[in-house]
Structures are given as structure tokens and as C-alpha cells.
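Read through the structure below, which is laid out as C-alpha cells, and then see the notes.
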Amino acid sequence: MPEASSLDFTDDADFADAQRGFVTTLDPCVIRDEKGAVVWDLSDVGFLDGDCPATVDPALWRHAKLTRIHGLFEVADGIYQVRGLDVSNMTIIEGEHGILIVDPLMSRETAAAGLALYRAHRGDRPVRAVFYSHSHVDHFGGVRGVVTPAEVAGGAVAVVAPAGFMEHAVSENVVAGPGRGRRASYMFGSLLESGPTGHVTNAIGHRMSTGAIGLIPPTLLITETGQREVFDGVEVVFQLTPDTEAPSEMNFHLPAARVLLVAENAAHAMHNVLTPRGAQVRDAGAWAGYLTETVRLYAADSDVLIGSHHWPTWGTGALTAFLNLQRDAYAYTHDQSVRMMNAGLTGIELAEEFELPASLARVWHLQGFYGNYNNNAKAVYQRYMGWFDGNPARLWQHPPTAAGVRYVAALGGADAVLHLARAAFDTADYRWAATLLDHLIFSGEEHSAARELQAATFEQLGYRTDNGPWRGFFLSGARELREGPLTSPLRSHPDLIAALTPAQIFQAMAVRVNGPRAAGAHLVIGWVYTDPAEVWTLVLANGVLVAHEGEAPEYGAARVTITMPRSVHNEVLAQTTTMPDQVRAGAVTIDGDPIALLEFNSYLDDPNRTFAIVTP
Ligand SMILES: [Zn+2]
């Protein structure tokens with residue numbers, strides 16, 4: 001990561017840009033849900049007024065001061081942004097009779113508060129279109145705060161999204177959702193209090209809001225770059241950018257207003273090529289290619305560049321330079337990682353060697369506040385090579401507990417390892433201290449001094465990183481070592497469940513099958529939804545659940561058939577009711593042997609939402 005000394009802390013241009021066009025804001029900046037629970041709170045960030053403490057990286061501290069700026073801002077004639085009322089931005093474009101909204105924030109409550117702030121200033125203009133720039137929840141989750149499903153169904157409001165949006169918007173929550181959710185709580189520091197020794201910024205925004213998440217399916221999909229559409233008299237030209245920051249994403253150009261909206265493809269921080277909460281690795285090379293296309297298609301015809309996070313860039317020259325530099329950072333990350341990979345360096349080695357050229361390293365918007373360059377270089381290696389680095393000594397290593405037992409024995413026992421770790425800590429070799437203590441903790445020794453020293457080590461690593469997610473991981477790990485796993489409340493989102501296809505529902509069931517327990521089972525189950533009518537056959541054999549659309553007599557007769565409205569199953573999946581309750585209420589019909597259903601259920605594991613991370 002760049003040395004802070006190469007950065008110009010006297011350059012206040014970002015602060016001027018982040019404040020430019022300020023209209024009004026909420027004071028205090030606190031948003032509550034209908035029950036009075038706080039879902040957004042910037043009232044506790046006054047500590048950021050001060051000078052940078054020793055517990056925060058100076059560049060990240062500066063960035064935190066920028067990401068907490070909040071309010072309604074006019075970015076061009078008739079174009080406004082709500083920023084700092086959620087982790088993401090909501091853009092409002094005035095049309096002939098109403099408004100178009102790009103990215104209605106993450107929660108219904110924050111989106112409604114943002115729209116109310118706009119309307120208090122500009123009048124009660126109706127919403128005519130809502131755009132989702134991409135398939136991440138902080139860009140669609142608040143849609144019910146700005147429109148109702150009835151308004152969309154009645155045709156009064158268009159909902160516009162890039163091709164592939166629905167599949168990707170819900171699939172993140174299906175197969176790997178629980179595991180990623182647990183890791184996301186580390187990455188975003190959601191279990192940490194705000195303060196100089198805790199949470200300071202998520203880097204793409206101050207924090208995630210915690211209100212109600214919804215989804216209204218799109219009524220119009222953008223399927224190609226150059227597609228032009230007119231909404232309420234406003235012409236919008238789209239650039240599709242699949243497999244960049246999200247699998248389904250698009251940029252927008254407003255030719256009349258000369259405004260370019262680049263979604264999350266460019267921001268005032270480097271982005272993640274592989275988000276550490278866990279996701280499929282992104283394509284840094286393709287990302288760079290799309291940014292080149294953005295410049296060639298739209299930059300010369302734009303006066304303002306806005307995004308779905310952070311503040312605008314004004315001026316054709318400045319926004320062109322901004323996009324070219326962003327492109328170069330992704331291209332450099334990709335090309336240099338591959339060059340070193342092809343020279344024989346492994347992921348961990350090339351990431352250590354990776355260094356931006358000085359011309360990029362001193363640029364504020366290329367700092368690794370969100371996407372850490374070390375992590376991104378490893379991600380490029382992973383995309384091409386996977387986890388194995390080619391050395392057979394590392395092909396079949398012991399897992400952490402078995403390795404920990406052996407390392408501790410080899411090093412002369414737990415107290416000897418602790419002694420070595422303390423020496424590493426005292427000489428500020430925190431990375432080595434963390435490795436030694438990791439072996440000791442995973443060896444299974446109940447060694448409270450080791451846990452405390454590891455917590456102190458994580459703190460020092462967290463205090464020194466310029467990366468928001470790394471700080472979140474280190475400080476969350478420290479807290480859990482001291483206090484044990486912390487739970488975040490289980491939240492279900494009915495709109496996302498309703499948006500699942502039957503195939504996605506059965507895929508989510510298949511990854512809950514406990515293979516060893518179900519290995520000897522053979523079950524055929526008929527699964528029938530009414531409204532809309534869907535007939536499926538589930539076959540469990542060899543520990544594998546396969547869902548067949550329609551009847552599948554070739555696998556034998558169904559032992560039991562379950563019939564219910566899809567809406568009832570949605571409620572069961574949202575855990576607002578249970579299957580037995582719905583059977584008793586007559587909403588679910590069971591034909592055949594009900595014991596087969598009980599048996600089937602006994603093979604399904606519930607995900608563990610507080611699984612251990614920093615301990616065995
Ligand atoms: Zn986002």
C-alpha cells in the first residue's frame with residue numbers, strides 16, 4: 001500500500017467537491033423505522049472532527065471525514081444526489097413532469113428520508129422511473145421507500161435494470177448467503193462501535209443502514225451498450241458493464257445535461273477485485289476495458305461525473321483524467337499481477353511485490369481504502385490459478401488445528417510460542433505475531449494470554465491499515481477474541497424470497513443436505529406450488545438432492561406430495577410461520593406418507609450464523 005508520506009494532505013479539492021452544491025440535510029442525521037429503531041445514525045461521528053489519532057491510519061482518517069458528509073446536493077441543473085444518508089448515493093433527475101431515481105439506497109427508511117429531503121426543497125414531484133445501476137443490495141434495497149409495487153404494476157413507474165439483474169440480485173443470498181453474511185459483519189465492522197478505536201468508515205460510505213430491504217422486479221431491462229430510452233422527457237443512454245464490480249451493472253449518460261453516472265465502476269477509492277466478505281472473483285482486466293470504453297463513448301460529452309458512492313467530479317478534463325486514472329489502476333493491478341504470475345511468483349509473493357507506480361500511488365482516488373491492492377493482486381492470481389500455488393509442499397497441508405498442534409509441539413509448547421509471539425509484538429512484527437498466535441490458539445490450548453495478545457496484535461494491524469474492510473476484519477477479530485462470537489440479528493427480506501425461482505429455492509435446499517447423514521436415504525417427493533402453478537419432483541439419493549421440473553416417474557413414485565401456494569412457502573422461508581403450523585391451518589396439503597417429509601427435514605442442516613472465525 002502507498003506510503004502516506006507520498007500523499008498530499010494539503011490538497012483539499014475532495015472536500016470542496018464533496019460539499020459543492022449542498023442544499024440541506026437532516027439535523028441530527030438520524031433515521032428511524034416505524035417502530036422507532038435507529039436504522040441510520042451519523043450523530044456519533046463528531047470524533048472525526050479532531051486530528052487523526054494514533055489508532056487510525058491518517059489517509060483513512062481523511063477519507064472517513066469525507067464519507068460522513070451528508071445531505072442533498074445539486075450536482076447539475078435539475079440533477080440532485082442524496083449522499084451520506086446510507087452507504088450509497090441516490091441520484092434524482094428531474095424530468096418534464098416528475099423525477100427519475102437512480103439507486104434508491106439500501107433501506108426503505110433511508111430512501112424515503114432522502115426523497116422527503118429532496119421534496120421539501122423541490123416540491124412533491126412524482127417518481128416516473130427507478131433505475132438499479134447494479135445487482136448489489138445497497139442500490140435497490142430501499143426501492144419501497146420511493147415507489148410502491150402498485151404504482152409499478154399500474155404502469156405509472158418504470159423500473160429499469162441491466163440484463164441479468166434479477167438472477168444476480170437474489171442469487172447472492174442463496175447458495176453462499178449465510179457464510180458471506182457472517183464474514184460481511186467482520187468486513188463492514190457492523191459489530192463495532194463508532195470511535196477512534198472502533199469503526200471509522202466503510203470506505204464506500206460511512207456504514208450500512210439497517211432498515212427494511214425490498215425489491216420490486218424491473219419492468220425494462222437494458223440489454224446492450226448504446227441503448228437509448230426516454231423517461232419523462234429525459235433521454236438516457238446506457239453502457240452495459242457486466243462482470244465488473246457486479247455481475248450485472250451499467251453506466252448512464254444523460255446527453256442533454258452532459259452528466260455521466262458510472263455506477264460503482266469508478267469511485268474515490270480503489271474497489272475490490274475480490275471482496276473479502278467472500279464472492280466470486282471479479283475480472284480486473286475486463287473492468288479496465290469497460291472504463292476505456294466509458295471514456296471513449298461519453299467523457300467528451302460530459303461536464304459532470306457522478307457515481308453510486310462518493311462525490312462528483314466536475315469538468316470534462318477532470319472527469320476524463322479521473323476515469324483514465326481509475327482504468328490505469330485496474331489495468332496495472334491486472335497486468336502486473338499476471339506478469340509476475342507468469343514469472344513464477346505465487347499469489348502471496350506477487351501481492352507482496354506489487355507496488356503502484358508513483359504517478360498512480362499519489363492520487364487520492366486510487367488509494368486502497370476499499371479494495372486493498374495486496375488483496376486485489378492475490379485476487380488476480382486466484383482468477384487465473386485458483387488457491388493452489390503449484391508447490392506440492394503446499395498441496396495437502398494440515399488444516400489449522402492439526403497444524404497448530406504440531407507447530408506448538410515443535411516450538412517447545414504453548415508458553416514458548418507465546419514468548420516468541422510477545423517478542424514479535426514488541427518489535428512491531430505484528431504479522432509474525434499473528435501467525436504464531438494463530439497456531440497456538442488453533443492448537444486447542446485454552447490459553448487466555450494467547451487470545452489477549454492476539455487481540456492486541458489484531459488491534460495494532462487494524463490501527464495501521466488504510467483499508468476500511470481490513471480494519472473491520474482486524475478489529476472485529478480482536479473483539480471476538482475477547483468477548484466470544486457476537487451475533488447480529490437474523491433478518492429476512494420477503495421481497496428477495498418472493499423473487500427466488502423454484503430452482504433457486506431447491507438449490508438452497510440442496511446445499512443444506514447433510515451428505516454423510518443422508519448418504520443411505522432414497523426419497524422421492526412431489527412438490528407442487530399453486531399460484532403460480534409449478535410441479536417439481538425432488539429426488540434425494542447418494543446424499544444429493546436433485547430437483548426435476550415436472551413429474552419424474554423414472555425415479556420411482558413419490559412417497560409424499562406437498563402442495564401449497566408459493567406465497568405460503570415464502571412465509572415459511574422468511575420464518576414468519578412454520579410448515580407444521582401451515583399444515584394444521586390447511587394451507588399446506590400433504591398426500592402420501594407424511595413421515596417421508598419428516599425424514600427429509602431431518603437431513604437438512606441449518607446454517608451456523610455465528611461460526612467461529614478467529615478460534616477453532
Ligand atoms: Zn454499492
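Residue numbering restarts at 1 for every chain of the C-alpha cells, chains are lettered A, B, ... in their displayed order, and ligands are numbered from 1 as they appear.
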Neighbours of ligand 1 within 8 Å, counting only C-alpha atoms and all ligand atoms, as a list in words? Val87, Ser88, His136, Val137, Asp138, His139, Ile204, Glu264, Ser308 and His309 of chain A
Identify all residues of range 268-466 of chain A in alpha helix (DSSP H) (DSSP on the backbone) and supply them as an MDAnalysis selection string. chainID A and resid 284:298 316:342 347:353 358:361 373:385 400:410 414:426 430:442 448:464
Got a sec: who's within 12 Å of range 11-16 of chain A, counting only C-alpha atoms, leaving out chain neighbours fewer than 3 positions off, as a list in words?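 In the requested form, the answer reads Leu7, Asp8, Gln19, Arg20, Gly21, Phe22, Arg62, His63, Ala64, Lys65, Leu66, Thr67, Arg68, Ile69, His268, Ala269, His310, Trp311, Pro312, Thr313, Trp314, Ala318, Arg362, Val363, Trp364 and His365 of chain A.
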Prev. selection, N, CA, C and O atoms, output as a CSV table (one decimal), in the first residue's frame:
chain,number,residue,atom,x,y,z
A,7,LEU,N,1.4,11.1,-0.1
A,7,LEU,CA,0.1,11.8,-0.4
A,7,LEU,C,0.2,13.2,0.1
A,7,LEU,O,0.8,13.6,1.0
A,8,ASP,N,-0.6,14.1,-0.6
A,8,ASP,CA,-0.6,15.5,-0.3
A,8,ASP,C,-1.8,15.8,0.6
A,8,ASP,O,-3.0,16.0,0.1
A,19,GLN,N,-18.6,18.9,-0.8
A,19,GLN,CA,-19.6,19.9,-0.3
A,19,GLN,C,-20.3,20.7,-1.3
A,19,GLN,O,-21.3,21.4,-1.1
A,20,ARG,N,-19.7,20.7,-2.6
A,20,ARG,CA,-20.3,21.6,-3.6
A,20,ARG,C,-21.7,21.3,-3.9
A,20,ARG,O,-22.1,20.1,-4.0
A,21,GLY,N,-22.5,22.3,-4.1
A,21,GLY,CA,-24.0,22.1,-4.4
A,21,GLY,C,-24.8,21.7,-3.2
A,21,GLY,O,-26.0,21.4,-3.3
A,22,PHE,N,-24.2,21.8,-2.0
A,22,PHE,CA,-25.0,21.4,-0.8
A,22,PHE,C,-26.3,22.3,-0.7
A,22,PHE,O,-26.3,23.5,-0.8
A,62,ARG,N,-8.7,10.8,6.9
A,62,ARG,CA,-9.1,11.9,6.0
A,62,ARG,C,-10.3,11.4,5.2
A,62,ARG,O,-11.3,12.1,5.0
A,63,HIS,N,-10.3,10.1,4.7
A,63,HIS,CA,-11.3,9.5,3.9
A,63,HIS,C,-12.6,9.4,4.7
A,63,HIS,O,-13.7,9.7,4.2
A,64,ALA,N,-12.5,9.1,6.0
A,64,ALA,CA,-13.7,9.0,6.9
A,64,ALA,C,-14.3,10.3,7.1
A,64,ALA,O,-15.6,10.4,7.2
A,65,LYS,N,-13.5,11.4,7.1
A,65,LYS,CA,-14.1,12.8,7.2
A,65,LYS,C,-15.0,13.1,5.9
A,65,LYS,O,-16.0,13.8,6.0
A,66,LEU,N,-14.5,12.5,4.8
A,66,LEU,CA,-15.3,12.7,3.5
A,66,LEU,C,-16.5,11.9,3.4
A,66,LEU,O,-17.6,12.3,3.0
A,67,THR,N,-16.5,10.6,3.9
A,67,THR,CA,-17.6,9.7,3.7
A,67,THR,C,-18.7,10.0,4.7
A,67,THR,O,-19.8,9.5,4.6
A,68,ARG,N,-18.5,10.9,5.7
A,68,ARG,CA,-19.6,11.2,6.7
A,68,ARG,C,-20.3,12.4,6.2
A,68,ARG,O,-21.2,12.9,6.9
A,69,ILE,N,-19.8,13.1,5.2
A,69,ILE,CA,-20.5,14.3,4.7
A,69,ILE,C,-21.9,13.9,4.2
A,69,ILE,O,-22.0,12.9,3.4
A,268,HIS,N,-14.1,7.1,-5.5
A,268,HIS,CA,-12.9,7.8,-4.9
A,268,HIS,C,-12.2,6.9,-4.0
A,268,HIS,O,-11.8,7.3,-2.9
A,269,ALA,N,-12.0,5.7,-4.4
A,269,ALA,CA,-11.2,4.7,-3.7
A,269,ALA,C,-11.0,3.5,-4.6
A,269,ALA,O,-11.9,3.3,-5.5
A,310,HIS,N,-19.7,8.0,-3.1
A,310,HIS,CA,-18.8,9.2,-3.1
A,310,HIS,C,-19.3,10.4,-3.8
A,310,HIS,O,-20.5,10.4,-4.2
A,311,TRP,N,-18.4,11.4,-4.1
A,311,TRP,CA,-18.8,12.7,-4.5
A,311,TRP,C,-18.5,12.8,-6.0
A,311,TRP,O,-17.7,12.1,-6.6
A,312,PRO,N,-19.0,13.9,-6.7
A,312,PRO,CA,-18.8,14.1,-8.1
A,312,PRO,C,-17.5,14.6,-8.5
A,312,PRO,O,-16.7,15.0,-7.6
A,313,THR,N,-17.2,14.6,-9.8
A,313,THR,CA,-16.0,15.2,-10.4
A,313,THR,C,-16.6,16.1,-11.5
A,313,THR,O,-17.3,15.7,-12.4
A,314,TRP,N,-16.2,17.4,-11.4
A,314,TRP,CA,-16.7,18.4,-12.3
A,314,TRP,C,-15.6,18.8,-13.4
A,314,TRP,O,-14.5,18.9,-13.0
A,318,ALA,N,-11.3,17.1,-16.0
A,318,ALA,CA,-11.0,16.4,-14.7
A,318,ALA,C,-11.7,15.1,-14.7
A,318,ALA,O,-11.1,14.1,-14.2
A,362,ARG,N,0.2,8.4,-5.8
A,362,ARG,CA,-0.1,9.7,-5.0
A,362,ARG,C,-1.5,10.2,-5.3
A,362,ARG,O,-1.8,11.3,-4.8
A,363,VAL,N,-2.3,9.5,-6.1
A,363,VAL,CA,-3.6,10.0,-6.4
A,363,VAL,C,-4.6,9.6,-5.3
A,363,VAL,O,-4.7,8.4,-5.0
A,364,TRP,N,-5.3,10.6,-4.8
A,364,TRP,CA,-6.2,10.3,-3.7
A,364,TRP,C,-7.3,9.2,-4.0
A,364,TRP,O,-7.5,8.3,-3.3
A,365,HIS,N,-7.9,9.4,-5.2
A,365,HIS,CA,-9.0,8.4,-5.5
A,365,HIS,C,-8.5,7.0,-5.9
A,365,HIS,O,-9.4,6.2,-6.1
Test item: residues at most 9 Å from Leu496 in chain A, only C-alpha atoms, excluding those fewer than 6 positions along its chain, as a ChimeraX atom specification: /A:169-170,173,213-215
Mind writing the picked residues with N, CA, C and O atoms as an mmCIF file, in the first residue's frame?
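Contents of out_18.cif, freshly written:
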data_model
loop_
_atom_site.group_PDB
_atom_site.id
_atom_site.type_symbol
_atom_site.label_atom_id
_atom_site.label_comp_id
_atom_site.auth_asym_id
_atom_site.auth_seq_id
_atom_site.Cartn_x
_atom_site.Cartn_y
_atom_site.Cartn_z
ATOM 1 N N ALA A 169 -29.292 -10.376 -8.306
ATOM 2 C CA ALA A 169 -29.721 -9.659 -7.108
ATOM 3 C C ALA A 169 -30.105 -10.642 -6.001
ATOM 4 O O ALA A 169 -29.853 -10.391 -4.822
ATOM 5 N N VAL A 170 -30.739 -11.753 -6.371
ATOM 6 C CA VAL A 170 -31.161 -12.690 -5.336
ATOM 7 C C VAL A 170 -30.164 -13.829 -5.123
ATOM 8 O O VAL A 170 -30.087 -14.374 -4.029
ATOM 9 N N ASN A 173 -27.796 -14.215 -2.108
ATOM 10 C CA ASN A 173 -28.326 -14.634 -0.807
ATOM 11 C C ASN A 173 -28.644 -16.117 -0.762
ATOM 12 O O ASN A 173 -29.083 -16.612 0.265
ATOM 13 N N ILE A 213 -35.258 -4.069 3.782
ATOM 14 C CA ILE A 213 -34.750 -4.261 2.422
ATOM 15 C C ILE A 213 -35.861 -4.837 1.557
ATOM 16 O O ILE A 213 -36.529 -5.806 1.948
ATOM 17 N N GLY A 214 -36.082 -4.244 0.401
ATOM 18 C CA GLY A 214 -37.118 -4.725 -0.510
ATOM 19 C C GLY A 214 -36.593 -4.807 -1.926
ATOM 20 O O GLY A 214 -35.454 -4.429 -2.218
ATOM 21 N N LEU A 215 -37.439 -5.320 -2.813
ATOM 22 C CA LEU A 215 -37.063 -5.425 -4.222
ATOM 23 C C LEU A 215 -38.336 -5.447 -5.051
ATOM 24 O O LEU A 215 -39.230 -6.256 -4.806
#
Could you give me, as a ChimeraX atom specification, each residue of range 271-397 of chain A that DSSP assigns to strand (DSSP E or B) when run on this structure's backbone? /A:304-306,313-314
All heavy atoms of the current selection, written as an mmCIF file, in the first residue's frame:
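Produced file selection37.cif, reproduced below:
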data_model
loop_
_atom_site.group_PDB
_atom_site.id
_atom_site.type_symbol
_atom_site.label_atom_id
_atom_site.label_comp_id
_atom_site.auth_asym_id
_atom_site.auth_seq_id
_atom_site.Cartn_x
_atom_site.Cartn_y
_atom_site.Cartn_z
ATOM 1 N N VAL A 304 -20.059 16.633 -15.908
ATOM 2 C CA VAL A 304 -20.060 16.171 -14.517
ATOM 3 C C VAL A 304 -20.059 14.655 -14.502
ATOM 4 O O VAL A 304 -20.791 14.027 -15.271
ATOM 5 C CB VAL A 304 -21.319 16.650 -13.734
ATOM 6 C CG1 VAL A 304 -21.153 16.367 -12.245
ATOM 7 C CG2 VAL A 304 -21.604 18.110 -13.974
ATOM 8 N N LEU A 305 -19.255 14.090 -13.621
ATOM 9 C CA LEU A 305 -19.267 12.638 -13.419
ATOM 10 C C LEU A 305 -19.776 12.366 -12.011
ATOM 11 O O LEU A 305 -19.267 12.940 -11.041
ATOM 12 C CB LEU A 305 -17.856 12.057 -13.599
ATOM 13 C CG LEU A 305 -17.752 10.545 -13.378
ATOM 14 C CD1 LEU A 305 -16.854 9.928 -14.450
ATOM 15 C CD2 LEU A 305 -17.207 10.223 -11.997
ATOM 16 N N ILE A 306 -20.807 11.529 -11.916
ATOM 17 C CA ILE A 306 -21.316 11.142 -10.595
ATOM 18 C C ILE A 306 -21.313 9.622 -10.496
ATOM 19 O O ILE A 306 -21.238 8.918 -11.510
ATOM 20 C CB ILE A 306 -22.743 11.689 -10.331
ATOM 21 C CG1 ILE A 306 -23.692 11.318 -11.471
ATOM 22 C CG2 ILE A 306 -22.704 13.205 -10.146
ATOM 23 C CD1 ILE A 306 -25.124 11.802 -11.256
ATOM 24 N N THR A 313 -17.199 14.558 -9.799
ATOM 25 C CA THR A 313 -16.028 15.211 -10.384
ATOM 26 C C THR A 313 -16.555 16.143 -11.474
ATOM 27 O O THR A 313 -17.296 15.707 -12.360
ATOM 28 C CB THR A 313 -15.068 14.166 -10.992
ATOM 29 O OG1 THR A 313 -14.677 13.267 -9.958
ATOM 30 C CG2 THR A 313 -13.830 14.829 -11.588
ATOM 31 N N TRP A 314 -16.186 17.425 -11.366
ATOM 32 C CA TRP A 314 -16.698 18.411 -12.323
ATOM 33 C C TRP A 314 -15.643 18.764 -13.368
ATOM 34 O O TRP A 314 -14.454 18.873 -13.039
ATOM 35 C CB TRP A 314 -17.113 19.685 -11.589
ATOM 36 C CG TRP A 314 -18.475 19.600 -10.963
ATOM 37 C CD1 TRP A 314 -19.672 19.876 -11.556
ATOM 38 C CD2 TRP A 314 -18.787 19.213 -9.625
ATOM 39 N NE1 TRP A 314 -20.711 19.682 -10.661
ATOM 40 C CE2 TRP A 314 -20.186 19.274 -9.468
ATOM 41 C CE3 TRP A 314 -18.017 18.805 -8.518
ATOM 42 C CZ2 TRP A 314 -20.829 18.970 -8.275
ATOM 43 C CZ3 TRP A 314 -18.653 18.489 -7.335
ATOM 44 C CH2 TRP A 314 -20.050 18.566 -7.215
#
Which residues are near Ile525 in chain A? Cut-off 7 Å, only C-alpha atoms, ignore same chain within fewer than 4 positions. Put them as a list in words. Thr537, Leu538, Val539, Ala558, Arg559, Val560 and Thr561 of chain A
Need to verify the contact set: Arg566 in chain A, 7 Å, only C-alpha atoms, exclusion of same-chain residues closer than 3 positions in sequence. Can you return it as number ranges by chain? A: 529-531, 569-570
Neighbour list for Glu599 in chain A as JSON, numbers by chain, cut-off 10 Å, only C-alpha atoms, skip fewer than 3 positions in-chain: {"A": [518, 521, 523, 594, 595, 596, 602, 603, 604]}
